Amino acid sequence: MYLCAVKKIAVTIVTLMLCIISFAQTRKVDSTLVTFYPTSFDSISLITPYYIDTATFHADNFDLLRHDQTIYSTLSNIGMAHKSMRFTVSPQTGFNMELPSFEKYIKTEKDLKTYLSILPYSEIHYVFTVTDKEQHLNFKFGRQFIQGFYLSFEYNVNYSPGIFNESRSQNNYFWINALYTTKDHRYRALAYWFRNKIDVQENGGIADDNAYMNHEETDNSAILTNLYGATNFMKISGAGFQHYFNLLPQHKKTIEQITIDSLLNIDSISVKPIDSLLMDSLIVGSIDSLLVDSLVVATDSLTVKTEEVLVERKFTLGRINHSFAYQRNQLFFNETSADLPFYASYDTLLNRVTTDTTIVQVYRNSLTWNSLGYQNYSDDIPFFVYAGIDYDYFKIKRYDYLEGETVNDRHHSQASLHGGIIINLFKSTTVTGQAKLVTLGYQIGDFNIRGQWRQYLGTNVRNAGKLTVDFDMKRQSPTWFETSYQSNHFRWENDFHAATYLVLGANYQFKWFNAGIRQTTINDLIYFNQNARPTQYDGLASISEAYGSVDLSLWRFRIEGFLGLQKVSNEDIIRLPMLLSKLKVGYSQPIFKKKAVLHPILTVQYFTQYYADAYMPALRTFYLQDDVKIGNFPFIDLALAINVKQADIYVQYSNMFLLSGNYEGFIAPHYPMRDSKFFIGINWRLFN
């Protein structure tokens with residue numbers, strides 16, 4: 001514990017020192033508009049940059065589960081396991097390193113950002129509660145230190161003791177990346193490192209829901225829970241680099257003719273190509289006067305000389321990209337008493353003390369050619385094509401109770417091909433396509449084919465909206481976890497075959513309004529049944545969704561809203577709420593002679609009743625249950641924020657509907673929604 005505290009203090013000190021150093025190097029330039037790109041190199045050339053969100057309207061969004069257009073089923077406390085109430089298909093093809101139940105709190109290379117800011121950009125978020133010791137701290141930093149060299153990092157800590165017994169969460173992540181580009185932009189390199197630590201207590205939910213709903217105990221810590229002495233500890237870390245090299249220089253040398261009037265000593269210059277010069281000489285009959293060796297021509301008072309000039313290429317041979325990545329997932333589930341009634345229906349115990357350990361490692365290499373050169377296109381590249389090959393190697397270790405140590409369980413390797421294309425036509429139509437095929441080794445034959453047609457109803461500048469049609473088809477073999485697993489409570493060996501997914505979608509967007517439909521069809525879906533074991537459904541299942549959203553600013557009001565309707569063809573294997581909705585309304589009132597702005601903000605979330613999936617701590621996985629329904633309960637948060645220059649200070653009261661005396665608000669089976677409490681927070685953006 002002492003070493004852990006020292007490490008956290010050291011990271012915090014280093015972060016603050018970098019922030020201070022950044023101010024010592026500032027100049028009088030407005031840097032409040034800071035852009036960033038995803039880690040991928042190609043995104044810098046292909047897409048419009050993202051802008052840092054500095055709106056006070058979003059100041060109270062310190063919980064990462066509040067950022068998406070969905071509602072998450074979770075466990076009575078921030079930082080815990082969660083599952084989206086909207087059905088989604090994992091974008092992964094081949095070996096999967098994801099931890100779906102904790103994905104929002106895990107930052108890997110796909111989540112890193114490169115801040116392209118000449119001046120330093122720093123941002124500090126700090127939130128704490130009045131009644132207990134809950135705290136949330138976040139640092140962000142990015143700047144260009146020397147020409148072409150950018151450094152970006154983020155550090156985040158969440159600590160929450162929870163309102164029930166055995167529900168503490170203590171999570172943190174840190175990532176850093178460095179980007180370097182040569183002056184001629186021919187070579188670019190990026191290196192990164194990330195680490196996530198998730199340390200949560202697992203109580204298995206409250207033992208008697210009625211004890212909470214009837215408000216039998218004013219102190220929630222007095223309510224009995226299903227587990228005690230159980231913890232999940234996860235450490236996800238990795239590092240990597242990527243670099244590219246343009247096959248041709250950005251400029252080429254060419255010889256041009258310069259004509260100078262030597263008699264009048266005039267500096268006026270006319271440039272002619274050699275062929276034109278020869279033709280002029282033939283016309284005047286002075287071809288004999290052309291001095292080929294010296295490349296100088298004298299005609300009366302005119303002197304013609306040659307000179308090398310750099311001209312930007314209109315055509316390049318593209319660039320070669322190479323990337324290497326390493327990731328290590330260390331998963332530990334420990335409990336002091338494994339023989340509790342909670343596990344009565346599962347496998348025979350191997351040991352009264354659980355020390356489940358799983359370590360998964362991956363080494364990835366990718367080599368790709370693409371047609372990008374030196375231009376930045378910002379979403380309107382006329383033509384883009386790429387193709388490449390990947391090679392991955394995986395190692396899986398687990399704790400063997402018979403041997404009493406961690407042993408090598410298995411290892412896999414796989415090779416795959418990937419490619420894609422983008423075509424823009426008439427400044428109104430964009431067609432994209434991507435494909436990946438596993439050609440060798442583990443999960444051979446898996447593939448993913450995606451396509452999109454984007455059509456502006458007009459042009460990309462003046463239009464009546466944008467229509468987008470999406471196509472996504474994939475074949476996905478069972479994951480290593482679904483195929484084989486050994487632990488104190490669960491053991492299985494499965495011979496599943498690959499599942500296939502087809503997703504079709506259409507979306508219309510115009511200014512502040514967005515609406516769409518999506519149809520997902522799955523053949524041979526693998527899911528976790530009522531016994532918390534993976535099983536395969538032999539047949540088709542489909543999910544239909546219609547949704548709409550608004551993001552509207554009207555006078556001093558701002559409104560964000562989302563509404564989704566879902567229909568599942570087979571509720572025996574997939575459970576979703578029929579309706580889910582989110583609404584956030586804010587109002588801006590200038591105060592103190594317009595030197596500050598007051599923002600009251602109301603947030604409401606609601607979903608209809610359904611048999612939500614239960615959570616199994618020993619597997620870190622959600623599974624089907626038929627005992628209780630959750631939903632039909634509004635979750636209301638009220639915040640009051642004040643904006644002063646580049647700082648937002650706010651007070652938030654969470655889950656205020658409990659003031660009505662209704663305690664039926666469960667966010668997962670046997671896990672009530674977070675209790676009502678006051679949060680005080682500050683967001684401080686440090687520019688210039």
# chains A, B, ... in the order shown; residues from 1 in each chain; ligands from 1
>>> residues_around(residues="Asp400 (chain A)", least_positions_apart="2", cutoff="10 Å", atoms="only C-alpha atoms", output="list in words")
Leu350, Thr355, Asp356, Thr357, Lys397, Arg398, Leu402, Glu403, Gly404, Glu405, Thr406, Val407, Asn408, Asp409, Gln486, Ser487 and Asn488 of chain A
>>> write_last_selection(atoms="C-alpha atoms", output="PDB file, in the first residue's frame")
ATOM      1  CA  LEU A 350     -11.295 -26.875  -5.895  1.00  0.00           C
ATOM      2  CA  THR A 355      -7.144 -17.315  -6.234  1.00  0.00           C
ATOM      3  CA  ASP A 356      -8.212 -17.348  -9.888  1.00  0.00           C
ATOM      4  CA  THR A 357      -5.514 -15.919 -12.144  1.00  0.00           C
ATOM      5  CA  LYS A 397      -1.637 -18.430 -18.622  1.00  0.00           C
ATOM      6  CA  ARG A 398      -3.892 -19.532 -15.761  1.00  0.00           C
ATOM      7  CA  LEU A 402      -3.613 -28.908  -8.618  1.00  0.00           C
ATOM      8  CA  GLU A 403      -0.124 -27.562  -9.317  1.00  0.00           C
ATOM      9  CA  GLY A 404      -0.570 -24.585  -7.023  1.00  0.00           C
ATOM     10  CA  GLU A 405       1.000 -22.175  -9.506  1.00  0.00           C
ATOM     11  CA  THR A 406       0.366 -20.235 -12.688  1.00  0.00           C
ATOM     12  CA  VAL A 407       1.030 -22.393 -15.753  1.00  0.00           C
ATOM     13  CA  ASN A 408       1.045 -21.898 -19.521  1.00  0.00           C
ATOM     14  CA  ASP A 409      -2.413 -22.807 -20.748  1.00  0.00           C
ATOM     15  CA  GLN A 486     -10.673 -23.228 -15.636  1.00  0.00           C
ATOM     16  CA  SER A 487     -11.363 -21.583 -12.261  1.00  0.00           C
ATOM     17  CA  ASN A 488     -12.421 -22.413  -8.730  1.00  0.00           C
TER      18      ASN A 488
END
>>> residues_around(residues="Ala189 (chain A)", least_positions_apart="4", cutoff="9 Å", atoms="only C-alpha atoms", output="JSON, numbers by chain")
{"A": [41, 178, 179, 180, 181, 241, 242, 243, 244]}
>>> select_by_dssp(residues="region 467-531 of chain A", states="helix (DSSP H, G or I)", output="number ranges by chain")
A: 480-483
>>> write_last_selection(atoms="C-alpha atoms", output="PDB file, in the first residue's frame")
ATOM      1  CA  TRP A 480     -10.551 -18.096 -25.951  1.00  0.00           C
ATOM      2  CA  PHE A 481     -12.749 -17.437 -22.905  1.00  0.00           C
ATOM      3  CA  GLU A 482     -15.844 -19.060 -24.451  1.00  0.00           C
ATOM      4  CA  THR A 483     -13.860 -22.069 -25.667  1.00  0.00           C
TER       5      THR A 483
END
>>> residues_around(residues="region 535-551 of chain A", least_positions_apart="5", cutoff="6 Å", atoms="only C-alpha atoms", output="ChimeraX atom specification")
/A:512-527,559-569
>>> residues_around(residues="Glu202 (chain A)", least_positions_apart="4", cutoff="12 Å", atoms="only C-alpha atoms", output="number ranges by chain")
A: 75-77, 79-81, 162, 164-169, 206, 225-233, 333-336, 615-620, 671
>>> select_by_dssp(residues="region 488-589 of chain A", states="strand (DSSP E)", output="ChimeraX atom specification")
/A:491-493,499-510,513-523,526-528,534-536,540-554,557-568,579-587,589
>>> write_last_selection(atoms="C-alpha atoms", output="PDB file, in the first residue's frame")
ATOM      1  CA  ARG A 491     -14.784 -25.045 -15.685  1.00  0.00           C
ATOM      2  CA  TRP A 492     -15.711 -25.770 -19.298  1.00  0.00           C
ATOM      3  CA  GLU A 493     -14.406 -27.036 -22.621  1.00  0.00           C
ATOM      4  CA  ALA A 499     -21.185 -17.118 -35.392  1.00  0.00           C
ATOM      5  CA  THR A 500     -22.115 -14.771 -38.236  1.00  0.00           C
ATOM      6  CA  TYR A 501     -23.401 -11.216 -37.865  1.00  0.00           C
ATOM      7  CA  LEU A 502     -25.148  -8.952 -40.354  1.00  0.00           C
ATOM      8  CA  VAL A 503     -25.860  -5.331 -39.428  1.00  0.00           C
ATOM      9  CA  LEU A 504     -27.769  -2.989 -41.737  1.00  0.00           C
ATOM     10  CA  GLY A 505     -28.396   0.624 -40.821  1.00  0.00           C
ATOM     11  CA  ALA A 506     -29.652   3.911 -42.202  1.00  0.00           C
ATOM     12  CA  ASN A 507     -29.301   7.349 -40.630  1.00  0.00           C
ATOM     13  CA  TYR A 508     -30.484  10.858 -41.489  1.00  0.00           C
ATOM     14  CA  GLN A 509     -28.869  13.932 -39.949  1.00  0.00           C
ATOM     15  CA  PHE A 510     -29.790  17.579 -40.392  1.00  0.00           C
ATOM     16  CA  PHE A 513     -31.651  16.476 -35.514  1.00  0.00           C
ATOM     17  CA  ASN A 514     -30.559  12.891 -36.052  1.00  0.00           C
ATOM     18  CA  ALA A 515     -32.632   9.734 -36.635  1.00  0.00           C
ATOM     19  CA  GLY A 516     -31.991   6.215 -37.854  1.00  0.00           C
ATOM     20  CA  ILE A 517     -32.858   2.536 -37.939  1.00  0.00           C
ATOM     21  CA  ARG A 518     -30.671  -0.527 -37.501  1.00  0.00           C
ATOM     22  CA  GLN A 519     -31.290  -4.228 -38.071  1.00  0.00           C
ATOM     23  CA  THR A 520     -28.930  -6.837 -36.584  1.00  0.00           C
ATOM     24  CA  THR A 521     -29.218 -10.514 -37.529  1.00  0.00           C
ATOM     25  CA  ILE A 522     -27.096 -13.171 -35.826  1.00  0.00           C
ATOM     26  CA  ASN A 523     -26.710 -16.833 -36.688  1.00  0.00           C
ATOM     27  CA  ILE A 526     -22.831 -17.470 -28.306  1.00  0.00           C
ATOM     28  CA  TYR A 527     -24.211 -16.118 -25.026  1.00  0.00           C
ATOM     29  CA  PHE A 528     -24.087 -16.829 -21.278  1.00  0.00           C
ATOM     30  CA  PRO A 534     -21.413 -20.000 -22.461  1.00  0.00           C
ATOM     31  CA  THR A 535     -23.810 -21.733 -24.808  1.00  0.00           C
ATOM     32  CA  GLN A 536     -24.652 -21.476 -28.500  1.00  0.00           C
ATOM     33  CA  LEU A 540     -31.246 -16.946 -36.175  1.00  0.00           C
ATOM     34  CA  ALA A 541     -31.871 -14.077 -33.794  1.00  0.00           C
ATOM     35  CA  SER A 542     -32.526 -10.464 -34.740  1.00  0.00           C
ATOM     36  CA  ILE A 543     -32.633  -7.091 -33.039  1.00  0.00           C
ATOM     37  CA  SER A 544     -34.498  -4.156 -34.606  1.00  0.00           C
ATOM     38  CA  GLU A 545     -33.842  -0.623 -33.422  1.00  0.00           C
ATOM     39  CA  ALA A 546     -35.197   2.822 -34.261  1.00  0.00           C
ATOM     40  CA  TYR A 547     -33.646   5.866 -32.609  1.00  0.00           C
ATOM     41  CA  GLY A 548     -33.542   9.627 -32.674  1.00  0.00           C
ATOM     42  CA  SER A 549     -31.504  12.343 -30.994  1.00  0.00           C
ATOM     43  CA  VAL A 550     -31.386  16.126 -30.768  1.00  0.00           C
ATOM     44  CA  ASP A 551     -28.678  18.610 -29.828  1.00  0.00           C
ATOM     45  CA  LEU A 552     -30.360  21.994 -29.938  1.00  0.00           C
ATOM     46  CA  SER A 553     -29.336  25.450 -28.756  1.00  0.00           C
ATOM     47  CA  LEU A 554     -32.292  27.837 -28.529  1.00  0.00           C
ATOM     48  CA  PHE A 557     -31.376  26.957 -23.558  1.00  0.00           C
ATOM     49  CA  ARG A 558     -29.500  23.883 -24.682  1.00  0.00           C
ATOM     50  CA  ILE A 559     -31.233  20.523 -25.080  1.00  0.00           C
ATOM     51  CA  GLU A 560     -29.691  17.113 -25.668  1.00  0.00           C
ATOM     52  CA  GLY A 561     -31.981  14.135 -25.969  1.00  0.00           C
ATOM     53  CA  PHE A 562     -31.991  10.523 -27.088  1.00  0.00           C
ATOM     54  CA  LEU A 563     -34.828   8.052 -27.600  1.00  0.00           C
ATOM     55  CA  GLY A 564     -34.391   4.434 -28.656  1.00  0.00           C
ATOM     56  CA  LEU A 565     -36.930   1.692 -29.435  1.00  0.00           C
ATOM     57  CA  GLN A 566     -35.782  -1.949 -29.594  1.00  0.00           C
ATOM     58  CA  LYS A 567     -37.434  -5.235 -30.545  1.00  0.00           C
ATOM     59  CA  VAL A 568     -35.783  -8.652 -30.071  1.00  0.00           C
ATOM     60  CA  LEU A 579     -37.560   1.832 -24.748  1.00  0.00           C
ATOM     61  CA  LEU A 580     -34.699   3.836 -23.294  1.00  0.00           C
ATOM     62  CA  SER A 581     -34.354   7.593 -23.207  1.00  0.00           C
ATOM     63  CA  LYS A 582     -32.061  10.360 -21.971  1.00  0.00           C
ATOM     64  CA  LEU A 583     -32.777  14.065 -21.715  1.00  0.00           C
ATOM     65  CA  LYS A 584     -30.474  16.863 -20.611  1.00  0.00           C
ATOM     66  CA  VAL A 585     -31.638  20.462 -20.422  1.00  0.00           C
ATOM     67  CA  GLY A 586     -29.476  23.454 -19.509  1.00  0.00           C
ATOM     68  CA  TYR A 587     -30.005  27.206 -19.222  1.00  0.00           C
ATOM     69  CA  GLN A 589     -27.760  33.128 -17.341  1.00  0.00           C
TER      70      GLN A 589
END
>>> residues_around(residues="region 53-63 of chain A", least_positions_apart="6", cutoff="10 Å", atoms="only C-alpha atoms", output="MDAnalysis selection string")
chainID A and resid 32:35 78:79 104:105 125:127 136:138 158 557:560 584:588 597:602 637:643 646:652 679:685
>>> residues_around(residues="Gly373 (chain A)", least_positions_apart="5", cutoff="7 Å", atoms="only C-alpha atoms", output="PDB file with C-alpha atoms, in the first residue's frame")
ATOM      1  CA  ASN A 246       6.361   8.330 -47.915  1.00  0.00           C
ATOM      2  CA  THR A 316       2.986  10.055 -55.230  1.00  0.00           C
ATOM      3  CA  GLY A 318       1.801   6.481 -51.281  1.00  0.00           C
ATOM      4  CA  ARG A 319       3.268   5.562 -47.950  1.00  0.00           C
TER       5      ARG A 319
END
>>> residues_around(residues="His215 (chain A)", least_positions_apart="4", cutoff="10 Å", atoms="only C-alpha atoms", output="VMD selection string")
chain A and resid 209 to 211 219 to 220 223 661 to 664
>>> atom_distance(atom1="CA of Lys83 (chain A)", atom2="CA of Asn329 (chain A)")
19.8 Å
>>> atom_distance(atom1="CA of His185 (chain A)", atom2="CA of Tyr150 (chain A)")
14.1 Å
>>> decode(residues="region 360-499 of chain A", atoms="C-alpha atoms", output="PDB file, in the first residue's frame")
ATOM      1  CA  VAL A 360      -3.337 -12.940 -21.597  1.00  0.00           C
ATOM      2  CA  GLN A 361      -0.582 -11.415 -23.731  1.00  0.00           C
ATOM      3  CA  VAL A 362      -0.568 -10.362 -27.365  1.00  0.00           C
ATOM      4  CA  TYR A 363       2.154  -9.210 -29.759  1.00  0.00           C
ATOM      5  CA  ARG A 364       0.882  -7.551 -32.934  1.00  0.00           C
ATOM      6  CA  ASN A 365       2.735  -6.563 -36.100  1.00  0.00           C
ATOM      7  CA  SER A 366       1.098  -4.840 -39.036  1.00  0.00           C
ATOM      8  CA  LEU A 367       2.498  -3.715 -42.403  1.00  0.00           C
ATOM      9  CA  THR A 368       0.278  -1.590 -44.657  1.00  0.00           C
ATOM     10  CA  TRP A 369       0.577   0.390 -47.874  1.00  0.00           C
ATOM     11  CA  ASN A 370      -1.848   3.220 -48.602  1.00  0.00           C
ATOM     12  CA  SER A 371      -2.248   5.870 -51.256  1.00  0.00           C
ATOM     13  CA  LEU A 372      -1.935   8.868 -48.921  1.00  0.00           C
ATOM     14  CA  GLY A 373       0.781  11.329 -49.686  1.00  0.00           C
ATOM     15  CA  TYR A 374       1.324  14.692 -48.032  1.00  0.00           C
ATOM     16  CA  GLN A 375      -2.118  16.288 -48.270  1.00  0.00           C
ATOM     17  CA  ASN A 376      -4.689  16.653 -45.489  1.00  0.00           C
ATOM     18  CA  TYR A 377      -8.181  16.120 -46.802  1.00  0.00           C
ATOM     19  CA  SER A 378     -10.511  16.628 -43.818  1.00  0.00           C
ATOM     20  CA  ASP A 379     -13.250  14.148 -44.742  1.00  0.00           C
ATOM     21  CA  ASP A 380     -13.260  14.922 -48.481  1.00  0.00           C
ATOM     22  CA  ILE A 381     -10.369  12.871 -49.890  1.00  0.00           C
ATOM     23  CA  PRO A 382     -11.216  12.140 -53.546  1.00  0.00           C
ATOM     24  CA  PHE A 383      -9.702   8.649 -53.531  1.00  0.00           C
ATOM     25  CA  PHE A 384      -7.980   6.490 -50.928  1.00  0.00           C
ATOM     26  CA  VAL A 385      -6.999   2.824 -50.956  1.00  0.00           C
ATOM     27  CA  TYR A 386      -4.960   0.662 -48.586  1.00  0.00           C
ATOM     28  CA  ALA A 387      -3.913  -2.973 -48.165  1.00  0.00           C
ATOM     29  CA  GLY A 388      -1.789  -4.828 -45.656  1.00  0.00           C
ATOM     30  CA  ILE A 389      -0.980  -7.908 -43.624  1.00  0.00           C
ATOM     31  CA  ASP A 390      -1.088  -8.533 -39.867  1.00  0.00           C
ATOM     32  CA  TYR A 391       0.642 -11.137 -37.747  1.00  0.00           C
ATOM     33  CA  ASP A 392      -0.367 -11.686 -34.104  1.00  0.00           C
ATOM     34  CA  TYR A 393       0.935 -13.979 -31.383  1.00  0.00           C
ATOM     35  CA  PHE A 394      -1.006 -14.749 -28.180  1.00  0.00           C
ATOM     36  CA  LYS A 395      -0.130 -16.419 -24.887  1.00  0.00           C
ATOM     37  CA  ILE A 396      -2.595 -17.437 -22.154  1.00  0.00           C
ATOM     38  CA  LYS A 397      -1.637 -18.430 -18.622  1.00  0.00           C
ATOM     39  CA  ARG A 398      -3.892 -19.532 -15.761  1.00  0.00           C
ATOM     40  CA  TYR A 399      -3.648 -20.592 -12.144  1.00  0.00           C
ATOM     41  CA  ASP A 400      -3.669 -24.377 -11.745  1.00  0.00           C
ATOM     42  CA  TYR A 401      -5.141 -25.417  -8.394  1.00  0.00           C
ATOM     43  CA  LEU A 402      -3.613 -28.908  -8.618  1.00  0.00           C
ATOM     44  CA  GLU A 403      -0.124 -27.562  -9.317  1.00  0.00           C
ATOM     45  CA  GLY A 404      -0.570 -24.585  -7.023  1.00  0.00           C
ATOM     46  CA  GLU A 405       1.000 -22.175  -9.506  1.00  0.00           C
ATOM     47  CA  THR A 406       0.366 -20.235 -12.688  1.00  0.00           C
ATOM     48  CA  VAL A 407       1.030 -22.393 -15.753  1.00  0.00           C
ATOM     49  CA  ASN A 408       1.045 -21.898 -19.521  1.00  0.00           C
ATOM     50  CA  ASP A 409      -2.413 -22.807 -20.748  1.00  0.00           C
ATOM     51  CA  ARG A 410      -2.117 -22.299 -24.514  1.00  0.00           C
ATOM     52  CA  HIS A 411      -0.697 -20.059 -27.192  1.00  0.00           C
ATOM     53  CA  HIS A 412      -1.946 -19.091 -30.627  1.00  0.00           C
ATOM     54  CA  SER A 413      -0.750 -17.229 -33.682  1.00  0.00           C
ATOM     55  CA  GLN A 414      -2.668 -15.894 -36.636  1.00  0.00           C
ATOM     56  CA  ALA A 415      -2.112 -13.979 -39.847  1.00  0.00           C
ATOM     57  CA  SER A 416      -4.690 -11.861 -41.605  1.00  0.00           C
ATOM     58  CA  LEU A 417      -5.089  -9.641 -44.646  1.00  0.00           C
ATOM     59  CA  HIS A 418      -6.868  -6.313 -44.605  1.00  0.00           C
ATOM     60  CA  GLY A 419      -7.739  -3.575 -47.089  1.00  0.00           C
ATOM     61  CA  GLY A 420     -10.092  -0.723 -47.780  1.00  0.00           C
ATOM     62  CA  ILE A 421     -11.142   2.070 -50.110  1.00  0.00           C
ATOM     63  CA  ILE A 422     -12.730   5.554 -49.954  1.00  0.00           C
ATOM     64  CA  ILE A 423     -14.218   7.325 -52.976  1.00  0.00           C
ATOM     65  CA  ASN A 424     -15.644  10.867 -52.957  1.00  0.00           C
ATOM     66  CA  LEU A 425     -17.786  12.055 -55.875  1.00  0.00           C
ATOM     67  CA  PHE A 426     -19.240  15.457 -56.767  1.00  0.00           C
ATOM     68  CA  LYS A 427     -18.655  16.893 -53.244  1.00  0.00           C
ATOM     69  CA  SER A 428     -21.812  15.106 -52.150  1.00  0.00           C
ATOM     70  CA  THR A 429     -21.258  11.340 -52.227  1.00  0.00           C
ATOM     71  CA  THR A 430     -18.796   9.230 -50.263  1.00  0.00           C
ATOM     72  CA  VAL A 431     -18.451   5.463 -50.578  1.00  0.00           C
ATOM     73  CA  THR A 432     -16.202   3.508 -48.216  1.00  0.00           C
ATOM     74  CA  GLY A 433     -15.369  -0.156 -47.866  1.00  0.00           C
ATOM     75  CA  GLN A 434     -13.189  -2.189 -45.499  1.00  0.00           C
ATOM     76  CA  ALA A 435     -12.384  -5.884 -45.273  1.00  0.00           C
ATOM     77  CA  LYS A 436     -10.317  -8.203 -43.090  1.00  0.00           C
ATOM     78  CA  LEU A 437      -9.736 -11.956 -43.438  1.00  0.00           C
ATOM     79  CA  VAL A 438      -7.918 -14.292 -41.033  1.00  0.00           C
ATOM     80  CA  THR A 439      -5.899 -16.481 -43.380  1.00  0.00           C
ATOM     81  CA  LEU A 440      -3.691 -18.537 -41.078  1.00  0.00           C
ATOM     82  CA  GLY A 441      -3.680 -19.982 -37.576  1.00  0.00           C
ATOM     83  CA  TYR A 442      -6.164 -19.403 -34.773  1.00  0.00           C
ATOM     84  CA  GLN A 443      -9.716 -18.497 -35.882  1.00  0.00           C
ATOM     85  CA  ILE A 444      -8.818 -19.032 -39.543  1.00  0.00           C
ATOM     86  CA  GLY A 445     -11.648 -18.097 -41.863  1.00  0.00           C
ATOM     87  CA  ASP A 446     -12.998 -15.271 -39.707  1.00  0.00           C
ATOM     88  CA  PHE A 447     -13.738 -12.141 -41.704  1.00  0.00           C
ATOM     89  CA  ASN A 448     -15.299  -8.721 -41.519  1.00  0.00           C
ATOM     90  CA  ILE A 449     -16.685  -6.719 -44.456  1.00  0.00           C
ATOM     91  CA  ARG A 450     -17.960  -3.200 -43.878  1.00  0.00           C
ATOM     92  CA  GLY A 451     -19.312  -0.607 -46.255  1.00  0.00           C
ATOM     93  CA  GLN A 452     -20.886   2.828 -46.058  1.00  0.00           C
ATOM     94  CA  TRP A 453     -22.628   5.134 -48.497  1.00  0.00           C
ATOM     95  CA  ARG A 454     -22.885   8.763 -47.348  1.00  0.00           C
ATOM     96  CA  GLN A 455     -25.006  11.122 -49.413  1.00  0.00           C
ATOM     97  CA  TYR A 456     -25.461  14.844 -48.847  1.00  0.00           C
ATOM     98  CA  LEU A 457     -28.819  16.103 -50.071  1.00  0.00           C
ATOM     99  CA  GLY A 458     -27.051  18.889 -51.934  1.00  0.00           C
ATOM    100  CA  THR A 459     -23.326  19.417 -51.401  1.00  0.00           C
ATOM    101  CA  ASN A 460     -21.200  19.069 -48.292  1.00  0.00           C
ATOM    102  CA  VAL A 461     -21.380  22.875 -47.896  1.00  0.00           C
ATOM    103  CA  ARG A 462     -25.039  23.555 -48.675  1.00  0.00           C
ATOM    104  CA  ASN A 463     -27.488  20.712 -48.161  1.00  0.00           C
ATOM    105  CA  ALA A 464     -30.803  19.577 -46.715  1.00  0.00           C
ATOM    106  CA  GLY A 465     -29.169  16.972 -44.535  1.00  0.00           C
ATOM    107  CA  LYS A 466     -26.991  13.899 -44.796  1.00  0.00           C
ATOM    108  CA  LEU A 467     -28.138  10.327 -45.417  1.00  0.00           C
ATOM    109  CA  THR A 468     -25.891   7.440 -44.394  1.00  0.00           C
ATOM    110  CA  VAL A 469     -26.376   3.734 -45.149  1.00  0.00           C
ATOM    111  CA  ASP A 470     -24.183   1.152 -43.395  1.00  0.00           C
ATOM    112  CA  PHE A 471     -23.439  -2.507 -44.074  1.00  0.00           C
ATOM    113  CA  ASP A 472     -21.446  -4.730 -41.705  1.00  0.00           C
ATOM    114  CA  MET A 473     -21.009  -8.498 -42.039  1.00  0.00           C
ATOM    115  CA  LYS A 474     -18.647 -10.650 -40.026  1.00  0.00           C
ATOM    116  CA  ARG A 475     -17.817 -14.219 -39.109  1.00  0.00           C
ATOM    117  CA  GLN A 476     -16.469 -14.576 -35.574  1.00  0.00           C
ATOM    118  CA  SER A 477     -15.156 -17.774 -34.017  1.00  0.00           C
ATOM    119  CA  PRO A 478     -15.645 -18.305 -30.275  1.00  0.00           C
ATOM    120  CA  THR A 479     -13.199 -16.407 -28.077  1.00  0.00           C
ATOM    121  CA  TRP A 480     -10.551 -18.096 -25.951  1.00  0.00           C
ATOM    122  CA  PHE A 481     -12.749 -17.437 -22.905  1.00  0.00           C
ATOM    123  CA  GLU A 482     -15.844 -19.060 -24.451  1.00  0.00           C
ATOM    124  CA  THR A 483     -13.860 -22.069 -25.667  1.00  0.00           C
ATOM    125  CA  SER A 484     -11.913 -23.106 -22.569  1.00  0.00           C
ATOM    126  CA  TYR A 485     -11.825 -21.836 -18.994  1.00  0.00           C
ATOM    127  CA  GLN A 486     -10.673 -23.228 -15.636  1.00  0.00           C
ATOM    128  CA  SER A 487     -11.363 -21.583 -12.261  1.00  0.00           C
ATOM    129  CA  ASN A 488     -12.421 -22.413  -8.730  1.00  0.00           C
ATOM    130  CA  HIS A 489     -16.165 -22.168  -9.476  1.00  0.00           C
ATOM    131  CA  PHE A 490     -16.400 -22.608 -13.270  1.00  0.00           C
ATOM    132  CA  ARG A 491     -14.784 -25.045 -15.685  1.00  0.00           C
ATOM    133  CA  TRP A 492     -15.711 -25.770 -19.298  1.00  0.00           C
ATOM    134  CA  GLU A 493     -14.406 -27.036 -22.621  1.00  0.00           C
ATOM    135  CA  ASN A 494     -16.614 -26.139 -25.591  1.00  0.00           C
ATOM    136  CA  ASP A 495     -16.542 -26.976 -29.280  1.00  0.00           C
ATOM    137  CA  PHE A 496     -18.548 -24.062 -30.640  1.00  0.00           C
ATOM    138  CA  HIS A 497     -18.593 -23.107 -34.306  1.00  0.00           C
ATOM    139  CA  ALA A 498     -18.301 -19.578 -35.645  1.00  0.00           C
ATOM    140  CA  ALA A 499     -21.185 -17.118 -35.392  1.00  0.00           C
TER     141      ALA A 499
END
